[in-house]
Every structure is written in C-alpha cells, then in structure tokens.
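Shown next: coords-v1.cif, given as mmCIF, C-alpha atoms.
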```cif
data_protein
loop_
_atom_site.label_atom_id
_atom_site.label_comp_id
_atom_site.auth_asym_id
_atom_site.auth_seq_id
_atom_site.Cartn_x
_atom_site.Cartn_y
_atom_site.Cartn_z
CA MET A 1 40.43 85.31 92.94
CA ALA A 2 38.65 87.69 90.57
CA ILE A 3 36.28 90.57 91.18
CA GLN A 4 32.99 90.90 89.37
CA ILE A 5 31.82 94.51 89.71
CA ASP A 6 28.14 95.12 90.43
CA ASN A 7 27.35 98.30 88.51
CA ALA A 8 23.90 98.66 90.06
CA GLY A 9 25.46 98.59 93.53
CA PHE A 10 27.88 101.36 92.62
CA LYS A 11 25.05 103.44 91.19
CA GLN A 12 23.06 102.94 94.40
CA ALA A 13 26.02 104.21 96.41
CA GLU A 14 26.42 107.18 94.07
CA ALA A 15 22.76 108.05 94.58
CA LEU A 16 23.14 107.70 98.33
CA LEU A 17 26.16 110.02 98.44
CA SER A 18 24.50 112.54 96.11
CA ASP A 19 21.51 112.62 98.46
CA SER A 20 23.80 113.15 101.44
CA ILE A 21 25.49 116.05 99.65
CA PHE A 22 22.09 117.50 98.79
CA LEU A 23 21.07 117.35 102.47
CA LEU A 24 24.10 119.42 103.42
CA ASN A 25 23.58 122.07 100.76
CA PHE A 26 19.89 122.43 99.98
CA ASP A 27 18.30 125.86 100.05
CA ARG A 28 15.67 126.00 102.80
CA ASN A 29 14.05 128.98 101.09
CA SER A 30 13.57 127.19 97.80
CA PRO A 31 10.19 125.44 97.44
CA LYS A 32 11.76 123.07 94.92
CA ASP A 33 14.53 122.06 97.32
CA LEU A 34 12.11 121.75 100.22
CA LYS A 35 9.99 119.39 98.15
CA LEU A 36 13.04 117.23 97.47
CA TYR A 37 14.05 117.39 101.11
CA LYS A 38 10.65 116.10 102.21
CA LEU A 39 10.79 113.29 99.68
CA LEU A 40 14.30 112.42 100.81
CA ARG A 41 13.19 112.26 104.42
CA ALA A 42 10.53 109.72 103.47
CA ARG A 43 13.15 107.78 101.53
CA GLN A 44 15.55 107.75 104.46
CA GLU A 45 13.01 106.99 107.15
CA ASN A 46 11.42 104.08 105.33
CA PRO A 47 13.72 101.28 104.12
CA ASP A 48 10.85 99.98 101.97
CA PHE A 49 10.12 103.30 100.28
CA GLU A 50 11.51 102.24 96.89
CA MET A 51 9.59 98.96 97.02
CA ALA A 52 6.35 100.84 97.69
CA LEU A 53 7.06 103.14 94.74
CA ALA A 54 8.02 100.13 92.62
CA GLU A 55 4.59 98.63 93.21
CA PHE A 56 3.03 101.89 92.01
CA VAL A 57 5.22 101.90 88.91
CA CYS A 58 4.30 98.28 88.13
CA GLY A 59 0.61 98.82 88.85
CA GLU A 60 0.24 95.84 91.14
CA SER A 61 -3.20 94.40 91.79
CA ASN A 62 -3.34 95.91 95.28
CA ASN A 63 -3.19 99.51 94.05
CA SER A 64 -4.94 101.91 91.67
CA PHE A 65 -1.97 102.59 89.38
CA PRO A 66 -1.89 101.48 85.72
CA TYR A 67 -0.49 98.02 85.11
CA ARG A 68 2.83 97.98 83.25
CA SER A 69 4.18 94.87 81.55
CA SER A 70 7.89 94.28 80.96
CA TYR A 71 7.81 96.25 77.68
CA PHE A 72 5.98 99.18 79.25
CA LEU A 73 8.31 99.24 82.26
CA THR A 74 11.27 99.80 79.96
CA ARG A 75 9.26 102.42 78.08
CA PHE A 76 8.25 104.06 81.36
CA PHE A 77 11.89 104.81 82.16
CA THR A 78 13.07 105.62 78.62
CA ASP A 79 10.16 108.08 78.19
CA LEU A 80 11.48 109.87 81.28
CA GLY A 81 14.99 109.98 79.84
CA PHE A 82 16.48 107.11 81.85
CA GLU A 83 18.21 104.16 80.23
CA TYR A 84 16.98 101.09 82.03
CA ILE A 85 15.86 97.98 80.17
CA HIS A 86 13.81 95.39 82.02
CA ASP A 87 15.84 92.21 82.24
CA GLY A 88 12.93 89.83 82.60
CA THR A 89 13.26 89.42 86.37
CA THR A 90 10.32 89.96 88.73
CA ARG A 91 9.01 93.39 87.81
CA ARG A 92 8.70 95.03 91.21
CA PHE A 93 12.12 93.86 92.40
CA TRP A 94 13.70 95.10 89.20
CA VAL A 95 11.97 98.50 89.49
CA LYS A 96 12.98 98.74 93.15
CA ASP A 97 16.62 98.20 92.19
CA VAL A 98 16.35 100.85 89.48
CA LEU A 99 14.80 103.37 91.88
CA LEU A 100 17.57 102.72 94.41
CA GLN A 101 20.05 103.85 91.76
CA MET A 102 18.39 107.24 91.40
CA PRO A 103 19.35 110.31 93.38
CA ILE A 104 16.40 112.12 94.92
CA LYS A 105 16.12 114.58 92.02
CA GLU A 106 15.61 111.75 89.53
CA LEU A 107 13.23 109.99 91.88
CA SER A 108 11.08 113.11 92.01
CA VAL A 109 10.90 113.09 88.20
CA VAL A 110 9.76 109.46 88.28
CA ILE A 111 6.98 110.38 90.69
CA GLU A 112 5.81 113.64 89.16
CA LYS A 113 6.13 112.84 85.49
CA GLY A 114 6.02 109.05 85.53
CA ILE A 115 3.92 107.52 88.27
CA PHE A 116 1.31 110.26 88.03
CA ASN A 117 1.34 110.60 84.26
CA LYS A 118 -2.35 111.19 83.46
CA ARG A 119 -2.03 109.71 79.97
CA ASP A 120 -1.34 106.25 81.41
CA PHE A 121 -4.23 106.50 83.85
CA ARG A 122 -6.62 107.60 81.05
CA LYS A 123 -5.49 104.77 78.78
CA GLU A 124 -5.98 102.13 81.49
CA ALA A 125 -9.34 103.55 82.58
CA LYS A 126 -10.56 103.52 78.97
CA GLU A 127 -9.39 99.94 78.39
CA LYS A 128 -11.05 98.68 81.55
CA GLY A 129 -14.14 100.91 81.32
CA GLN A 130 -13.28 102.58 84.61
CA ASP A 131 -13.58 106.15 85.82
CA PHE A 132 -10.26 107.93 85.21
CA GLU A 133 -10.86 110.68 87.81
CA GLU A 134 -11.78 108.17 90.49
CA ASN A 135 -8.71 106.01 89.82
CA TYR A 136 -6.43 109.03 89.76
CA GLU A 137 -7.77 110.36 93.06
CA LYS A 138 -7.42 106.94 94.65
CA ALA A 139 -3.85 106.66 93.40
CA ILE A 140 -2.98 110.07 94.88
CA LYS A 141 -4.42 108.97 98.21
CA GLU A 142 -2.49 105.70 98.12
CA PHE A 143 0.73 107.58 97.41
CA LYS A 144 0.08 110.07 100.21
CA ASP A 145 -0.57 107.23 102.64
CA VAL A 146 2.76 105.61 101.78
CA PHE A 147 4.50 108.96 102.01
CA ASN A 148 3.03 109.84 105.40
CA ASP A 149 3.63 106.35 106.76
CA SER A 150 7.23 106.65 105.64
CA LEU A 151 7.70 109.79 107.67
CA THR A 152 6.30 108.21 110.80
CA VAL A 153 7.64 104.71 110.46
CA ALA A 154 10.78 104.14 112.47
CA SER A 155 13.25 101.42 111.65
CA GLY A 156 13.03 100.36 115.27
CA VAL A 157 11.14 101.26 118.39
CA ASP A 158 12.47 103.84 120.78
CA LEU A 159 13.57 102.09 123.96
CA SER A 160 12.00 104.80 126.07
CA TYR A 161 8.66 104.00 124.46
CA LEU A 162 9.04 100.29 125.27
CA LEU A 163 9.94 101.11 128.83
CA ASP A 164 7.14 103.62 129.09
CA PHE A 165 9.80 106.17 129.80
CA ASN A 166 10.01 109.79 128.81
CA VAL A 167 13.24 111.52 129.70
CA ASN A 168 11.61 114.87 130.38
CA THR A 169 8.79 113.34 132.36
CA GLU A 170 11.09 111.21 134.47
CA LEU A 171 13.36 114.11 135.21
CA LEU A 172 10.48 116.23 136.40
CA PHE A 173 8.78 113.44 138.32
CA ASP A 174 11.93 112.17 139.98
CA GLU A 175 12.70 115.58 141.40
CA GLN A 176 12.31 115.21 145.17
CA VAL A 177 10.46 118.13 146.71
CA GLN A 178 11.73 118.94 150.13
CA THR A 179 11.15 122.58 150.95
CA GLU A 180 10.59 123.97 154.43
CA ASP A 181 6.94 124.40 153.54
CA ASP A 182 5.25 121.03 154.21
CA GLU A 183 1.97 122.11 152.65
CA LEU A 184 3.76 123.00 149.43
CA ASN A 185 5.61 119.66 149.42
CA LYS A 186 2.33 117.80 149.91
CA LEU A 187 0.55 119.66 147.11
CA ILE A 188 3.29 118.91 144.57
CA LYS A 189 3.56 115.28 145.64
CA GLU A 190 -0.19 114.76 145.35
CA ALA A 191 -0.31 116.51 141.96
CA LYS A 192 2.35 114.16 140.59
CA GLU A 193 0.70 111.06 142.01
CA ARG A 194 -2.71 111.96 140.68
CA PHE A 195 -1.39 112.83 137.25
CA PHE A 196 -0.62 109.15 136.59
CA ASN A 197 -4.31 108.32 136.82
CA PRO A 198 -6.04 109.58 133.65
CA LYS A 199 -9.24 110.22 135.60
CA ASP A 200 -7.40 112.42 138.08
CA LYS A 201 -5.59 114.71 135.65
CA GLN A 202 -8.00 117.56 136.34
CA ILE A 203 -7.38 117.27 140.10
CA ALA A 204 -3.65 116.99 139.47
CA ILE A 205 -3.75 120.30 137.60
CA GLU A 206 -5.75 121.93 140.38
CA LYS A 207 -3.26 120.74 143.00
CA LEU A 208 -0.36 121.97 140.94
CA TRP A 209 -1.91 125.41 140.51
CA ASP A 210 -2.54 125.50 144.27
CA ALA A 211 1.15 124.71 144.73
CA PHE A 212 1.98 127.56 142.37
CA GLU A 213 -0.09 130.02 144.39
CA ARG A 214 1.53 128.68 147.54
CA ILE A 215 5.07 128.98 146.20
CA LYS A 216 4.37 132.60 145.25
CA THR A 217 4.24 133.36 148.97
CA TYR A 218 7.37 131.40 149.80
CA TYR A 219 9.40 134.44 150.80
CA ASP A 220 6.70 136.65 152.21
CA GLY A 221 2.99 136.68 153.11
CA ASN A 222 2.66 139.54 150.64
CA LYS A 223 2.14 137.61 147.44
CA LYS A 224 3.17 140.44 145.15
CA GLN A 225 6.46 141.13 146.92
CA SER A 226 7.25 137.45 147.39
CA SER A 227 6.50 136.67 143.72
CA ALA A 228 8.76 139.50 142.60
CA LYS A 229 11.59 138.08 144.71
CA LEU A 230 10.96 134.58 143.39
CA VAL A 231 11.04 135.83 139.78
CA SER A 232 14.28 137.64 140.46
CA VAL A 233 15.82 134.48 142.01
CA ILE A 234 14.88 132.18 139.13
CA SER A 235 15.91 134.78 136.55
CA GLU A 236 19.50 134.98 137.67
CA ASN A 237 21.64 135.11 134.51
CA PHE A 238 18.50 135.00 132.41
CA ASN A 239 15.75 137.30 131.20
CA SER A 240 13.47 138.26 134.13
CA GLU A 241 10.80 139.62 131.78
CA PHE A 242 10.38 136.14 130.39
CA PHE A 243 9.62 134.63 133.79
CA GLU A 244 7.46 137.59 134.82
CA SER A 245 5.33 136.97 131.80
CA GLU A 246 5.31 133.20 132.48
CA PHE A 247 4.02 133.88 136.01
CA ILE A 248 1.33 136.20 134.63
CA VAL A 249 0.24 133.85 131.85
CA LEU A 250 -0.01 130.78 134.07
CA THR A 251 -1.81 132.73 136.80
CA LYS A 252 -4.30 133.95 134.19
CA ILE A 253 -4.85 130.42 132.88
CA GLY A 254 -5.52 129.26 136.44
CA ASN A 255 -8.08 132.01 136.90
CA ASP A 256 -9.78 131.87 133.52
CA TYR A 257 -10.13 128.12 133.25
CA ARG A 258 -11.75 125.74 135.68
CA ILE A 259 -8.57 125.17 137.63
CA ARG A 260 -8.62 127.44 140.64
CA HIS A 261 -12.23 128.58 140.45
CA HIS A 262 -15.31 126.64 139.50
CA GLU A 263 -17.87 129.32 138.69
CA THR A 264 -20.05 128.63 135.63
CA ASP A 265 -18.29 131.31 133.60
CA LYS A 266 -14.97 129.47 133.88
CA LYS A 267 -13.90 127.54 130.81
CA GLU A 268 -13.48 123.81 131.10
CA ILE A 269 -10.40 122.04 129.73
CA ASN A 270 -11.77 119.00 127.94
CA GLU A 271 -8.82 117.72 126.02
CA ILE A 272 -6.33 115.45 127.80
CA ARG A 273 -3.56 116.79 125.55
CA HIS A 274 -4.24 120.32 126.85
CA LEU A 275 -4.27 119.11 130.45
CA ASN A 276 -0.95 117.34 129.83
CA TYR A 277 0.53 120.44 128.25
CA LEU A 278 -0.54 122.74 131.06
CA PHE A 279 0.54 120.27 133.74
CA PHE A 280 4.08 120.01 132.39
CA ARG A 281 4.35 123.71 131.67
CA MET A 282 3.46 124.47 135.27
CA LEU A 283 5.52 121.60 136.69
CA SER A 284 8.57 122.87 134.80
CA LEU A 285 8.16 126.34 136.27
CA ILE A 286 7.62 125.01 139.79
CA THR A 287 10.64 122.70 139.45
CA LEU A 288 12.75 125.67 138.41
CA CYS A 289 11.44 127.68 141.39
CA LEU A 290 12.21 124.84 143.78
CA SER A 291 15.73 124.30 142.48
CA SER A 292 16.41 128.04 142.66
CA ILE A 293 15.00 128.28 146.18
CA ASP A 294 17.20 125.37 147.15
CA GLU A 295 20.30 127.27 146.09
CA THR A 296 19.48 130.47 148.00
CA MET B 1 33.35 119.75 110.75
CA SER B 2 31.21 122.33 108.95
CA ASN B 3 28.56 121.36 106.41
CA SER B 4 30.61 122.71 103.54
CA GLU B 5 33.70 120.75 104.64
CA LYS B 6 31.65 117.61 105.01
CA SER B 7 30.03 118.19 101.65
CA GLN B 8 33.42 118.62 99.96
CA LEU B 9 34.71 115.44 101.59
CA LEU B 10 31.66 113.55 100.40
CA LYS B 11 32.17 114.88 96.87
CA ASP B 12 35.81 113.74 96.95
CA ARG B 13 34.83 110.30 98.21
CA LEU B 14 32.11 110.08 95.58
CA ASN B 15 34.68 110.72 92.84
CA GLU B 16 36.93 108.02 94.27
CA LEU B 17 33.98 105.65 94.39
CA ILE B 18 33.17 106.35 90.73
CA ARG B 19 36.77 105.54 89.84
CA PHE B 20 36.43 102.14 91.51
CA LYS B 21 33.36 101.39 89.43
CA THR B 22 35.64 100.61 86.51
CA GLU B 23 38.93 99.94 88.28
CA LEU B 24 38.07 97.66 91.19
CA THR B 25 40.22 94.53 91.17
CA ALA B 26 41.36 91.93 93.66
CA GLU B 27 44.60 93.92 94.03
CA ASN B 28 42.98 97.18 95.15
CA LEU B 29 40.14 95.60 97.14
CA ASP B 30 41.65 96.70 100.46
CA GLU B 31 41.90 100.24 99.18
CA PHE B 32 38.23 100.10 98.23
CA ARG B 33 37.28 98.75 101.66
CA THR B 34 39.16 101.60 103.31
CA LEU B 35 37.28 104.07 101.13
CA LYS B 36 33.99 102.52 102.17
CA LYS B 37 34.94 102.88 105.83
CA GLU B 38 35.82 106.54 105.28
CA ILE B 39 32.49 107.13 103.57
CA LEU B 40 30.60 105.46 106.42
CA LYS B 41 32.15 107.91 108.87
CA LEU B 42 30.51 110.75 106.95
CA LEU B 43 27.01 109.30 106.97
CA ASP B 44 24.18 109.28 109.48
CA ASP B 45 22.70 106.05 110.83
CA GLU B 46 20.05 105.54 108.14
CA GLN B 47 22.53 106.29 105.36
CA LYS B 48 25.08 103.93 106.91
CA HIS B 49 22.46 101.21 107.03
CA ARG B 50 21.67 101.73 103.34
CA LEU B 51 25.32 101.76 102.30
CA ASN B 52 26.01 98.56 104.22
CA GLN B 53 23.22 96.82 102.33
CA ILE B 54 24.75 97.55 98.92
CA THR B 55 26.55 94.81 97.03
CA PHE B 56 29.48 96.34 95.14
CA TYR B 57 31.13 93.22 93.80
CA LYS B 58 31.18 89.46 93.76
CA ILE B 59 34.32 87.43 94.34
CA THR B 60 34.75 84.65 91.83
CA GLU B 61 37.48 82.11 91.13
CA ASP B 62 39.99 83.26 88.57
CA TYR B 63 40.26 80.59 85.85
CA SER B 64 42.31 82.68 83.40
CA ASN B 65 45.52 80.71 84.10
CA PHE B 66 43.80 77.39 84.38
CA ASN B 67 44.81 74.50 82.14
CA THR B 68 43.91 70.86 82.00
CA ASP B 69 47.27 69.82 83.48
CA ASP B 70 45.96 71.14 86.79
CA LEU B 71 43.31 68.46 86.83
CA PRO B 72 43.98 65.55 89.21
CA PHE B 73 42.88 62.99 86.62
#
```

So, in terms of structure tokens, how does the structure I just supplied come out?
Amino acid sequence: MAIQIDNAGFKQAEALLSDSIFLLNFDRNSPKDLKLYKLLRARQENPDFEMALAEFVCGESNNSFPYRSSYFLTRFFTDLGFEYIHDGTTRRFWVKDVLLQMPIKELSVVIEKGIFNKRDFRKEAKEKGQDFEENYEKAIKEFKDVFNDSLTVASGVDLSYLLDFNVNTELLFDEQVQTEDDELNKLIKEAKERFFNPKDKQIAIEKLWDAFERIKTYYDGNKKQSSAKLVSVISENFNSEFFESEFIVLTKIGNDYRIRHHETDKKEINEIRHLNYLFFRMLSLITLCLSSIDET
Amino acid sequence: MSNSEKSQLLKDRLNELIRFKTELTAENLDEFRTLKKEILKLLDDEQKHRLNQITFYKITEDYSNFNTDDLPF
C-alpha cells in the first residue's frame, strides 16, 4: 500500500485552521478584522460560498462578471500574487478548489482586488459594447445577494421550525395559570387562546393588559400598594428599579395605545410584529409575577 | 479552555498538519488519523463538516517491489 498525498486537500485544511485561529483572535474594534469576520461567517454558513465566488471569477453566463478563459484564470490569480495555474479541468470547479485553499485574508484580496477589478469590467464592456457602470453595479448587487443569502442560509432546517415550535413561546404558553383569582386566570387563558388566531391578536393584547391591571391588585384593593408589594416580591435577589420601570413602561403603553382605552387620540398598533413583541413582553412579566406569587 | 489556549492548540496542530503534507506515508497513517481526530475536537460543527469533506490522500497499490516472477502466468 502506498500513499499519494493530495496537496490541495492539505492546503484546504491549512486554510480552515487558519480561519479558526483568526476567529479566536480577531480584534472586534478593527474595521479590517470585522470585515474579514463577516466574510468568514458567510463562508462558514454557506457550504457553496466558494462555488458562488468561483462563478463570479469565471464570469459564467448567468452573471454580470467578465468572462475569463483558462489563460485569464491563471493570470487572474498570478496578478494577485497567487501561484495557481489552471490545469485544463472545468473552470468553475478548478477555481472553487483554489478558493477553498485560501484563508479568509487571501479570499478577501481575491474579492476586493480580483473579482471587482474595474479594469476587467471596462475591458469586457468595451469589447461587447456594453455599459461598464451598469455591469459593475449589477455585479455588486449579485455579489451582495450571494453574501446575504449565505448569512441566512442554514445547512439544515431547525427542528423547532419544522415542528412549529418555539422554545420560549412553548414555555410561556405551557405555564398553567392557577391563582386564587378566577377572573385573572380566565383573562390570561383567553389571551393565550386568542393569540393563536392572527385576527384576534389585538383582543389577546387587550385581555393580557386587563390581566396585568388585575394582577396589580392581587395583594390589595389599593392598586398602588399592591403593585409595590408585587414588585418587591418579583424583585427578590434582583434589581427592583428594573421591575418598577417595567411596570411603569407597560402601564404607559397600555394607556397610550389602543389597548386599554379606545378614544380617538389613542394610537393604533398596526404591525403584527409589534403586537407580538408587546404580547410576549407582557406575558413574560405576568408569568414572572405568577411564579413569584406561587412561591409566597 | 480559553480562546488563547484553544488558539495555541490549533496553531500546534496546524504545524503538525503541515509536517504531514510532505511526510505522510502508509507507516504513519494512523498517527495522521489521530491528529485529524484531535483537530476535529477543536472545531465547531460547520468547520468539522468542512474538514471531513477534505481529501488528504489516496491509497494506491505499491508496485515498487513488483517483478514479473509474481505473475501467475
């Protein structure tokens, strides 16, 4: 048995380890390092990142980048100071393999000084009678699309997404409400049930804010005194000012927006994402109050 | 393990890997495989996936000691 070493494979591994070392040491205050970090994230998130870049380098028919033949591919890399000579294999696969051998710093040079080299764009536009500016802008957009897709593409799908499951949501929704105050229990239960229906989110919010006002009087008919006690109970071993301010802010939101009052001067919440945010912010606070009450 | 410790370990493993680039043989293949396993422990999931996709070598038949007397005809 004999071993035939694959140099390209070793260089890919070297690049991979160099990138890992960079991730552990990069300076978060350095714009240059942050740029590399962002690029590296795209590289790591998207297994096809190098192939997408390779198609830009080759100037495939489906993009706006200048076409490069075998000779010009070799020149592309040598002009940037890298010694890679095209071996006659399929261009984009060869370029992909070359890019995989480059640590992130070198890859950034390929992008900044190679892929977006204006001279090549001008030459191609002149030869084909096209508008250089237009091609260049289109190429930038195509690159940005690949880059942004890379950051959002996941190698798989989160199981919780497939199961329509959100850990935080489930935890909050599964919490059984069983206080001595039946009216309070009913309000929270109805708020949760209605929240699942997109058309009922507004009502769900209103019910939840009603529950909040109700829970404020849990200890005493005097809302101010009872609220103060409640804040002190939930703040045990924590910062009471934080929860005081949370009570004030959420009360104010309930009063200023069309949640507890429906006068014409009250602002409407039109965006579902804001309704969702407010619902969970309030539900979290109420859940904390309930669990703290339970312990007293 | 702190970032600096991990970084140093990765640098050490990288140097060992570079050594194998010229010295990998059938005799030290197990040593190389152990190194690869040690490197994998230091990587996150995406990096592990990438490393596992890399081809480092091909195993071929060794014909250096072959002579025609070995032929069955």

Centre, x/y/z edge lengths, axis-aligned box for segment 55-58 of chain B with 5 Å per side, as JSON:
```
{"center_x": 28.9, "center_y": 92.9, "center_z": 95.4, "size_x": 14.6, "size_y": 16.9, "size_z": 13.3}
```

Problem set entry | Coordinates-based distance that separates atom CA of Phe56 of chain A from atom CA of Ile115 of chain A (Å, one decimal) | 6.8 Å

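For the choices B:Leu9, B:Leu35, B:Met1, B:Leu51, the atom-to-atom distance to chain A is smallest for B:Leu51 when using only C-alpha atoms.
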
Mind dumping a table of every chain B residue within 7 Å of chain A, with the nearest atom pair and its distance in Å to one decimal, using only C-alpha atoms, sorted by chain and rising number, as JSON lines?
```
{"residue": "B:Asn3", "atom": "CA", "partner": "A:Leu24", "partner_atom": "CA", "distance": 5.7}
{"residue": "B:Ser7", "atom": "CA", "partner": "A:Ile21", "partner_atom": "CA", "distance": 5.4}
{"residue": "B:Leu10", "atom": "CA", "partner": "A:Ile21", "partner_atom": "CA", "distance": 6.7}
{"residue": "B:Leu14", "atom": "CA", "partner": "A:Glu14", "partner_atom": "CA", "distance": 6.6}
{"residue": "B:Lys21", "atom": "CA", "partner": "A:Phe10", "partner_atom": "CA", "distance": 6.3}
{"residue": "B:Thr25", "atom": "CA", "partner": "A:Ile3", "partner_atom": "CA", "distance": 5.6}
{"residue": "B:Ala26", "atom": "CA", "partner": "A:Ile3", "partner_atom": "CA", "distance": 5.8}
{"residue": "B:Glu46", "atom": "CA", "partner": "A:Gln44", "partner_atom": "CA", "distance": 6.2}
{"residue": "B:Leu51", "atom": "CA", "partner": "A:Ala13", "partner_atom": "CA", "distance": 6.4}
{"residue": "B:Ile54", "atom": "CA", "partner": "A:Gly9", "partner_atom": "CA", "distance": 5.5}
{"residue": "B:Thr55", "atom": "CA", "partner": "A:Gly9", "partner_atom": "CA", "distance": 5.3}
{"residue": "B:Phe56", "atom": "CA", "partner": "A:Gly9", "partner_atom": "CA", "distance": 4.9}
{"residue": "B:Tyr57", "atom": "CA", "partner": "A:Ile5", "partner_atom": "CA", "distance": 4.3}
{"residue": "B:Lys58", "atom": "CA", "partner": "A:Gln4", "partner_atom": "CA", "distance": 5.0}
{"residue": "B:Ile59", "atom": "CA", "partner": "A:Ile3", "partner_atom": "CA", "distance": 4.9}
{"residue": "B:Thr60", "atom": "CA", "partner": "A:Ala2", "partner_atom": "CA", "distance": 5.1}
{"residue": "B:Glu61", "atom": "CA", "partner": "A:Met1", "partner_atom": "CA", "distance": 4.7}
{"residue": "B:Asp62", "atom": "CA", "partner": "A:Met1", "partner_atom": "CA", "distance": 4.8}
```

Problem set entry | Contact residues around Phe65 of chain A with all atoms listed in the file at 10 Å, ignoring same-chain residues under 6 positions, as a list in words | Glu55, Phe56, Val57, Cys58, Gly59, Ile115, Phe116, Asp120, Phe121, Glu124, Asn135, Tyr136, Lys138, Ala139, Ile140, Glu142 and Phe143 of chain A

For this session: Return as a ChimeraX atom specification the set of residues that the PyMOL selection byres ((chain A and resi 202) around 12) yields on the displayed structure.
Result: /A:191-192,194-201,203-209,254,257-260,268-276,278-279

Exercise. Suppose you want the space between atom CA of Asp87 of chain A and atom CA of Ser69 of chain A; what is it in Å?
Worked result: 12.0 Å

At a cut-off of 10 Å from (14.2, 124.3, 152.9) in the coordinates of the file, what residues are picked up using only C-alpha atoms, written as a JSON list (two decimals) with C-alpha atoms, in the coordinates of the input?
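Writing the result to selection_16.json gives the following:
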```json
[["chain", "number", "residue", "atom", "x", "y", "z"],
["A", 177, "VAL", "CA", 10.46, 118.13, 146.71],
["A", 178, "GLN", "CA", 11.73, 118.94, 150.13],
["A", 179, "THR", "CA", 11.15, 122.58, 150.95],
["A", 180, "GLU", "CA", 10.59, 123.97, 154.43],
["A", 181, "ASP", "CA", 6.94, 124.40, 153.54],
["A", 182, "ASP", "CA", 5.25, 121.03, 154.21],
["A", 290, "LEU", "CA", 12.21, 124.84, 143.78],
["A", 293, "ILE", "CA", 15.00, 128.28, 146.18],
["A", 294, "ASP", "CA", 17.20, 125.37, 147.15],
["A", 295, "GLU", "CA", 20.30, 127.27, 146.09],
["A", 296, "THR", "CA", 19.48, 130.47, 148.00]]
```
